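Down below is the structure, laid out as structure tokens.
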Amino acid sequence: MRSRTLILAILAVVFDLSKRAAVVTGATGNIGQTVIRAYLGQGAHVVAPVRDANRGEALRSALGPLAGSDADPLLMVVSADPADRAAMDRVVERTLRAWGRLDIIANLVGGYAASEAAAGDLAAYRAAWDQKVATAVTATAACLVPMRARGHGRIVSVASLAALKGEKAAAGYAMANAALLRWTESLAEETKREGITANTVLPRIIDTAENRAALPKADPSRWASADEVAALIVFLSADEASGITGAAIPIVART
Ligand SMILES: NC(=O)c1ccc[n+]([C@@H]2O[C@H](COP(=O)([O-])OP(=O)(O)OC[C@H]3O[C@@H](n4cnc5c(N)ncnc54)[C@H](OP(=O)(O)O)[C@@H]3O)[C@@H](O)[C@H]2O)c1
């Protein structure tokens with residue numbers, strides 16, 4: 001425990017999440033790993049439902065002492081599909097058993113796949129919806145049960161700027177992100193007297209190794225960094241953000 005206190009001091013806690021437990025989906029991705037590091041750095045306990053156990057184990061190892069120990073885990077990695085309600089109910093149960101609470105869910109599952117509007121490619125559009133919307137909606141619905149029981153919750157989902165305006169050859173991606181945004185607004189309206197907030201963050205392009213490789217001629221210094229996206233998610237997860245709900249916040253560039 002002393003080493004954890006030391007780590008938190010070194011990381012400079014800005015928002016105190018030490019009494020908070022968070023579920024993070026998409027944990028093995030670029031943003032997922034960065035958000036988990038940031039949550040742990042602010043003192044939160046984190047559970048990560050993953051579909052690939054090996055990638056989950058690699059995530060735990062990469063976090064080192066920040067992930068805690070077997071006797072006192074600060075990060076639990078569990079195999080579960082965020083789009084499977086029964087599996088997510090088990091994740092919720094396990095979180096409550098371990099830490100007695102569940103306060104935050106960060107929905108970070110996603111990925112880009114091109115699909116043309118003119119092609120009317122329903123299979124591609126449905127795949128984008130399954131990946132982005134079904135995961136966030138199902139995982140959040142499971143987490144809402146203990147949030148409503150305690151009268152406290154923070155729901156933060158990563159959509160994309162494409163939620164606001166369709167782009168060429170990105171029809172399924174834009175539709176899925178728009179759906180997530182609108183669903184979040186509805187949820188914010190339904191929960192706004194319950195101590196629960198629901199917001200989306202809308203990156204355009206994030207500075208990741210994959211994006212650098214895919215766009216070798218672009219200037220990555222203009223892109224939002226994963227740390228900047230994570231900082232926004234941490235803020236929206238904090239008690240201090242209690243007045244922000246139903247918001248869709250673009251994070252599009254380094255200025
Ligand atoms: N990177 C960008 O430039 C950018 C820009 C705008 C918005 N975003 C959004 O930001 C979020 C995170 O992006 P990222 O860069 O971290 O992506 P990433 O590195 O590709 O990670 C995606 C994550 O989602 C998981 N995942 C994908 N499909 C899934 C499914 N059907 N069921 C369960 N898990 C699934 C992946 O799990 P596995 O490890 O098992 O594959 C991984 O953990 C995404 O929602 C993305 O759409 C990203």
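Residue numbers start at 1 in each chain; chains themselves are named A, B, ... in the order of the structure tokens; ligands are numbered from 1 in the order shown.
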
Nearby residues, ligand 1, 7 Å, only C-alpha atoms and all ligand atoms, as a PyMOL selection string: chain A and resi 25-32+50-52+55+81-83+108-112+130-132+135+158-161+202-208+211

All alpha helix (DSSP H) residues (DSSP, backbone) inside stretch 1-91 of chain A, as a ChimeraX atom specification: /A:2-11,30-41,53-63,85-91

Residue nearest A:Leu232 - candidates A:Gly41, A:Thr138, A:Val156, A:Pro146, atoms counted: only C-alpha atoms: A:Val156

Residues within 9 Å of A:Ile104, only C-alpha atoms, excluding chain neighbours under 3 positions, as a PyMOL selection string: chain A and resi 20-24+143+147+152-156+237-238

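Taking atom CA of A:Val47 as the reference point, atom CA of A:Arg126 is found at 27.8 Å.
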
In stretch 93-162 of chain A, DSSP strand (DSSP E) residues written as a VMD selection string: chain A and resid 104 to 107 153 to 158

Residue contacts of A:Ala231 (8 Å, only C-alpha atoms) excluding same-chain residues fewer than 3 positions away, as a PyMOL selection string: chain A and resi 35+38+227-228+234-235

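Here the question is which of A:Ile244, A:Ala113, A:Ala67, A:Ala253 gets nearest to A:Ala176 using only C-alpha atoms, and that residue is A:Ala113.
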
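Nearest-residue note for A:Arg37: choosing from A:Ala218, A:Leu96, A:Ala226, A:Ala169, the minimum distance belongs to A:Ala226, counting only C-alpha atoms.
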
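For the set A:Leu144, A:Val77, A:Ala162, A:Ala87, the residue with the smallest atom-to-atom gap to A:Ala188 is A:Leu144, counting only C-alpha atoms.
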
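Nearest-residue note for A:Asp72: choosing from A:Lys217, A:His45, A:Arg182, A:Arg60, the minimum distance belongs to A:His45, counting only C-alpha atoms.
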
Shell around A:Leu122 at 12 Å using only C-alpha atoms, local window under 6 positions removed, as an MDAnalysis selection string: chainID A and resid 115:116 128:130 171:173 175

Residues from the last selection, N, CA and C atoms, saved as a PDB file, in the first residue's frame:
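Saved as out-v1.pdb:
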ATOM      1  N   SER A 115     -16.939   2.338 -45.372  1.00  0.00           N
ATOM      2  CA  SER A 115     -18.141   1.803 -46.028  1.00  0.00           C
ATOM      3  C   SER A 115     -18.821   2.963 -46.752  1.00  0.00           C
ATOM      4  N   GLU A 116     -19.143   2.717 -48.016  1.00  0.00           N
ATOM      5  CA  GLU A 116     -19.728   3.792 -48.824  1.00  0.00           C
ATOM      6  C   GLU A 116     -21.220   3.926 -48.590  1.00  0.00           C
ATOM      7  N   ALA A 128     -20.639  -1.996 -37.973  1.00  0.00           N
ATOM      8  CA  ALA A 128     -20.194  -0.796 -37.243  1.00  0.00           C
ATOM      9  C   ALA A 128     -21.088  -0.562 -36.027  1.00  0.00           C
ATOM     10  N   TRP A 129     -22.386  -0.768 -36.207  1.00  0.00           N
ATOM     11  CA  TRP A 129     -23.351  -0.588 -35.113  1.00  0.00           C
ATOM     12  C   TRP A 129     -23.082  -1.610 -34.005  1.00  0.00           C
ATOM     13  N   ASP A 130     -22.874  -2.875 -34.407  1.00  0.00           N
ATOM     14  CA  ASP A 130     -22.614  -3.925 -33.404  1.00  0.00           C
ATOM     15  C   ASP A 130     -21.370  -3.588 -32.584  1.00  0.00           C
ATOM     16  N   ALA A 171     -19.788   5.810 -44.114  1.00  0.00           N
ATOM     17  CA  ALA A 171     -21.212   5.872 -43.780  1.00  0.00           C
ATOM     18  C   ALA A 171     -21.546   5.087 -42.514  1.00  0.00           C
ATOM     19  N   GLY A 172     -21.108   3.831 -42.450  1.00  0.00           N
ATOM     20  CA  GLY A 172     -21.424   3.005 -41.287  1.00  0.00           C
ATOM     21  C   GLY A 172     -20.806   3.564 -40.021  1.00  0.00           C
ATOM     22  N   TYR A 173     -19.570   4.025 -40.146  1.00  0.00           N
ATOM     23  CA  TYR A 173     -18.844   4.599 -39.001  1.00  0.00           C
ATOM     24  C   TYR A 173     -19.578   5.836 -38.483  1.00  0.00           C
ATOM     25  N   MET A 175     -22.740   6.714 -38.983  1.00  0.00           N
ATOM     26  CA  MET A 175     -24.071   6.381 -38.448  1.00  0.00           C
ATOM     27  C   MET A 175     -23.955   5.772 -37.045  1.00  0.00           C
TER      28      MET A 175
END

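Comparing A:Ala44, A:Gly64, A:Ala142, A:Thr34 by their smallest distance to A:Phe15, the closest is A:Ala44 (using only C-alpha atoms).
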